[in-house]
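Asks: If it helps, the file is called query29.cif and holds mmCIF, C-alpha atoms:
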```cif
data_target
#
loop_
_atom_site.group_PDB
_atom_site.id
_atom_site.type_symbol
_atom_site.label_atom_id
_atom_site.label_comp_id
_atom_site.auth_asym_id
_atom_site.auth_seq_id
_atom_site.Cartn_x
_atom_site.Cartn_y
_atom_site.Cartn_z
ATOM 1 C CA MET A 1 -9.211 -10.186 8.401
ATOM 2 C CA ASP A 2 -8.814 -9.123 12.018
ATOM 3 C CA TYR A 3 -6.476 -6.288 12.980
ATOM 4 C CA LYS A 4 -5.440 -4.937 16.364
ATOM 5 C CA VAL A 5 -5.960 -1.169 16.559
ATOM 6 C CA ILE A 6 -4.650 1.162 19.265
ATOM 7 C CA CYS A 7 -6.648 4.310 20.004
ATOM 8 C CA PRO A 8 -4.440 7.388 19.387
ATOM 9 C CA TYR A 9 -6.159 9.184 22.282
ATOM 10 C CA CYS A 10 -6.341 6.755 25.209
ATOM 11 C CA ARG A 11 -4.103 3.914 23.897
ATOM 12 C CA GLU A 12 -6.891 1.342 24.417
ATOM 13 C CA LYS A 13 -6.440 -1.744 22.218
ATOM 14 C CA PHE A 14 -9.271 -3.407 20.330
ATOM 15 C CA TRP A 15 -9.770 -5.724 17.372
ATOM 16 C CA MET A 16 -11.413 -4.712 14.115
ATOM 17 C CA THR A 17 -12.457 -6.849 11.145
ATOM 18 C CA ILE A 18 -11.836 -5.436 7.669
ATOM 19 C CA TYR A 19 -13.169 -7.229 4.600
ATOM 20 C CA ARG A 20 -11.386 -7.103 1.253
ATOM 21 C CA GLU A 21 -14.755 -7.504 -0.456
ATOM 22 C CA ASP A 22 -15.542 -3.943 0.699
ATOM 23 C CA GLY A 23 -12.697 -2.588 -1.441
ATOM 24 C CA GLU A 24 -8.924 -2.402 -1.554
ATOM 25 C CA ASP A 25 -8.916 1.197 -0.260
ATOM 26 C CA GLN A 26 -11.222 1.959 2.630
ATOM 27 C CA GLU A 27 -11.582 5.011 4.852
ATOM 28 C CA PHE A 28 -13.845 5.253 7.847
ATOM 29 C CA VAL A 29 -14.206 6.764 11.300
ATOM 30 C CA TYR A 30 -14.653 4.550 14.335
ATOM 31 C CA ASP A 31 -15.510 5.844 17.810
ATOM 32 C CA CYS A 32 -13.254 4.371 20.495
ATOM 33 C CA GLU A 33 -15.266 2.173 22.831
ATOM 34 C CA ALA A 34 -13.272 3.364 25.860
ATOM 35 C CA CYS A 35 -12.935 7.151 25.404
ATOM 36 C CA CYS A 36 -15.501 7.794 22.603
ATOM 37 C CA HIS A 37 -13.103 9.915 20.524
ATOM 38 C CA PRO A 38 -13.249 9.458 16.740
ATOM 39 C CA ILE A 39 -10.464 7.408 15.185
ATOM 40 C CA ALA A 40 -9.747 7.956 11.475
ATOM 41 C CA LEU A 41 -8.775 4.707 9.744
ATOM 42 C CA HIS A 42 -7.432 4.156 6.253
ATOM 43 C CA ALA A 43 -6.968 0.577 5.046
ATOM 44 C CA HIS A 44 -5.042 -0.166 1.855
ATOM 45 C CA TRP A 45 -4.687 -3.693 0.456
ATOM 46 C CA ASP A 46 -1.031 -4.717 0.015
ATOM 47 C CA GLU A 47 -0.998 -7.379 -2.700
ATOM 48 C CA SER A 48 2.589 -8.456 -1.934
ATOM 49 C CA GLN A 49 1.746 -9.152 1.738
ATOM 50 C CA PHE A 50 -1.847 -10.360 1.140
ATOM 51 C CA ARG A 51 -3.128 -8.123 3.928
ATOM 52 C CA PHE A 52 -4.275 -4.585 4.628
ATOM 53 C CA LYS A 53 -1.919 -1.855 5.739
ATOM 54 C CA LEU A 54 -3.681 0.296 8.298
ATOM 55 C CA ASN A 55 -3.129 3.979 8.998
ATOM 56 C CA VAL A 56 -4.716 5.148 12.235
ATOM 57 C CA GLY A 57 -5.075 8.797 13.221
ATOM 58 C CA ARG A 58 -7.114 11.203 15.231
ATOM 59 C CA GLY A 59 -10.452 11.931 13.639
ATOM 60 C CA SER A 60 -12.147 15.284 13.781
ATOM 61 C CA GLY A 61 -15.593 16.748 13.837
ATOM 62 C CA TYR A 62 -17.153 14.897 16.737
ATOM 63 C CA ASP A 63 -19.810 16.549 18.838
ATOM 64 C CA GLU A 64 -19.554 16.713 22.599
ATOM 65 C CA MET A 65 -22.860 16.492 24.396
ATOM 66 C CA PRO A 66 -23.253 18.196 27.769
ATOM 67 C CA ILE A 67 -24.669 15.950 30.471
#
```
Please express the file's structure as structure tokens.
Replies:
Amino acid sequence: MDYKVICPYCREKFWMTIYREDGEDQEFVYDCEACCHPIALHAHWDESQFRFKLNVGRGSGYDEMPI
């Protein structure tokens, strides 16, 4: 299923595909394509709605590289 996600840092919108076959509770970190900050995502399958409920937050622990 495709879900629209909004980056909690820069507010950029993007689409993400989450597969139920990968589990009914999923947690992962995705780096924003616009600002490169880590986004913490938690997806929980809602059986009554037949879709995932997504919690999006600011991730932690990323490394900044000097240029």
Asks: For the atom pair CA of Met16 in chain A and CA of Phe52 in chain A, what is the interatomic distance in Å to one decimal place?
Replies: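 CA of Phe52 in chain A lies 11.9 Å from CA of Met16 in chain A.
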Asks: Using the chain letters and numbering of this document, enumerate as a PyMOL selection string the residues selected by the PyMOL selection byres ((chain A and resi 2-6) around 7).
Replies: chain A and resi 1+7-8+11-18
Asks: Find the residues near Cys10 in chain A: any atom within 10 Å, counting all atoms listed in the file, skip ones fewer than 6 places away on the same chain, and give them as number ranges by chain.
Replies: A: 32, 34-37
Asks: One number please: CA of Arg51 in chain A to CA of Asp31 in chain A, in Å, one decimal.
Replies: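 Calculated distance between CA of Arg51 in chain A and CA of Asp31 in chain A is 23.3 Å.
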Asks: Take CA of Asp46 in chain A and CA of Gly59 in chain A and report the distance between them in Å, one decimal.
Replies: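 Distance reported for this atom pair: 23.5 Å.
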Asks: Quick one: which residues end up in the PyMOL selection byres ((chain A and resi 24) around 9) for this structure, as a PyMOL selection string?
Replies: chain A and resi 19-23+25-26+43-46+52
